[in-house]
Amino acid sequence: MKAILLATAIIAGLAASAAALDENFDNNNAKWSLGKADERKQSLSIEAYNDSMGQVARLSFTPSTFHYLELSAEKPFTLAATEAEFKGVLSLKICSLTPDAITAVSVRVRDASGETFQLMNRLKLRQGEWTTVEIPLDKTTKFNPTWGGNNDKKFDYPLVVQTITMDFDKGFSGQGEAFIDAIKWTPAK
Ligand SMILES: [Ca+2]
Ligand SMILES: [Ca+2]
């Protein structure tokens with residue numbers, strides 16, 4: 001009985017911190033969009049993929065028109081409320097039929113002052129293969145570039161994440177496509 005009560009309390013606690021980043025695109029809870037999508041000739045749709053992955057985000061883009069995309073959630077997700085909490089792995093799954101078009105994914109962390117810290121993770125994808133990208137983050141991570149807010153290159157807690165970006169090879173001709181699923185922040189234990 002105690003164990004059940006404890007489990008219930010833990011589940012209730014998780015539900016209360018609804019802003020943890022764990023996006024599977026399966027329940028349409030969060031709204032995601034692409035920055036300046038029309039001007040950059042990019043599009044986003046949420047589509048059924050298969051039984052095990054459910055729905056995924058499908059991205060199409062035109063690298064010769066614009067060299068990156070910004071995938072943003074309508075509301076930010078909490079990453080770390082305090083310095084002690086800022087240690088974990090941001091992960092996502094990605095698959096592309098045009099892997100040569102994609103050179104990197106980056107995460108943008110934002111602090112309480114509005115300062116943004118970007119970290120790029122270079123990619124070498126294989127055509128049609130799902131790859132899990134894992135980006136470890138903590139207070140010692142060397143983000144570059146940083147901009148905005150109080151611009152002091154120091155983390156003012158709490159930290160949030162709202163935007164993932166993807167970089168393209170400008171020399172790629174035609175339209176690129178990628179699927180993304182399971183964008184998740186896993187705090188270190
Ligand atoms: Ca999914
Ligand atoms: Ca700062």
# chains A, B, ... in the order shown; residues from 1 in each chain; ligands from 1
$ residues_near_ligand --ligand "ligand 1" --cutoff "10 Å" --atoms "only C-alpha atoms and all ligand atoms" --output "ChimeraX atom specification"
/A:23-27,46-57,93,180-183
$ write_last_selection --atoms "C-alpha atoms" --output "short mmCIF file (atom, residue, chain, number, x, y, z; two decimals), in the first residue's frame"
data_model
loop_
_atom_site.label_atom_id
_atom_site.label_comp_id
_atom_site.auth_asym_id
_atom_site.auth_seq_id
_atom_site.Cartn_x
_atom_site.Cartn_y
_atom_site.Cartn_z
CA GLU A 23 8.30 15.00 -27.09
CA ASN A 24 7.15 11.98 -29.05
CA PHE A 25 4.67 13.86 -31.26
CA ASP A 26 2.10 11.19 -30.36
CA ASN A 27 -0.42 13.13 -28.32
CA ILE A 46 3.23 15.62 -37.84
CA GLU A 47 2.62 12.26 -39.49
CA ALA A 48 1.99 8.63 -38.55
CA TYR A 49 5.25 6.73 -39.20
CA ASN A 50 4.90 3.15 -37.92
CA ASP A 51 3.49 1.23 -34.98
CA SER A 52 6.56 1.47 -32.77
CA MET A 53 7.32 5.16 -33.37
CA GLY A 54 3.76 6.40 -33.74
CA GLN A 55 3.70 9.93 -35.09
CA VAL A 56 6.90 11.76 -35.96
CA ALA A 57 7.74 15.27 -37.15
CA LYS A 93 15.97 10.47 -33.06
CA ILE A 180 12.47 13.63 -36.04
CA ASP A 181 11.06 11.89 -32.99
CA ALA A 182 11.70 11.45 -29.27
CA ILE A 183 13.22 14.81 -28.34
#
$ residues_around --residues "Pro63 of chain A" --least-positions-apart "4" --cutoff "9 Å" --atoms "only C-alpha atoms" --output "MDAnalysis selection string"
chainID A and resid 40:41 67:68 101:102 167:176
$ closest_residue --among "A:Arg122, A:Ala112, A:Asp138, A:Thr131" --to "ligand 2" --atoms "only C-alpha atoms and all ligand atoms"
A:Ala112
$ select_by_dssp --residues "segment 81-146 of chain A" --states "strand (DSSP E or B)" --output "number ranges by chain"
A: 87-96, 102-110, 116-122, 131-138, 146
$ residues_near_ligand --ligand "ligand 2" --cutoff "9 Å" --atoms "only C-alpha atoms and all ligand atoms" --output "PyMOL selection string"
chain A and resi 110-116+148-157
$ residues_around --residues "Ala37 of chain A" --least-positions-apart "2" --cutoff "10 Å" --atoms "only C-alpha atoms" --output "PyMOL selection string"
chain A and resi 33-35+39-44+60-61+66+69-71
$ closest_residue --among "A:Lys189, A:Lys124, A:Lys31, A:Arg108" --to "Thr146 of chain A" --atoms "only C-alpha atoms"
A:Arg108
$ residues_around --residues "Ser106 of chain A" --least-positions-apart "2" --cutoff "8 Å" --atoms "only C-alpha atoms" --output "VMD selection string"
chain A and resid 104 108 118 to 121 164 to 167
$ write_last_selection --atoms "C-alpha atoms" --output "short mmCIF file (atom, residue, chain, number, x, y, z; two decimals), in the first residue's frame"
data_model
loop_
_atom_site.label_atom_id
_atom_site.label_comp_id
_atom_site.auth_asym_id
_atom_site.auth_seq_id
_atom_site.Cartn_x
_atom_site.Cartn_y
_atom_site.Cartn_z
CA ALA A 104 24.40 19.19 -37.87
CA ARG A 108 19.56 26.27 -27.92
CA GLN A 118 23.85 27.27 -28.71
CA LEU A 119 25.69 23.98 -29.02
CA MET A 120 26.23 22.33 -32.39
CA ASN A 121 26.38 18.59 -32.84
CA ILE A 164 16.34 22.79 -31.93
CA THR A 165 18.07 23.80 -35.14
CA MET A 166 19.33 21.82 -38.09
CA ASP A 167 22.15 22.95 -40.41
#
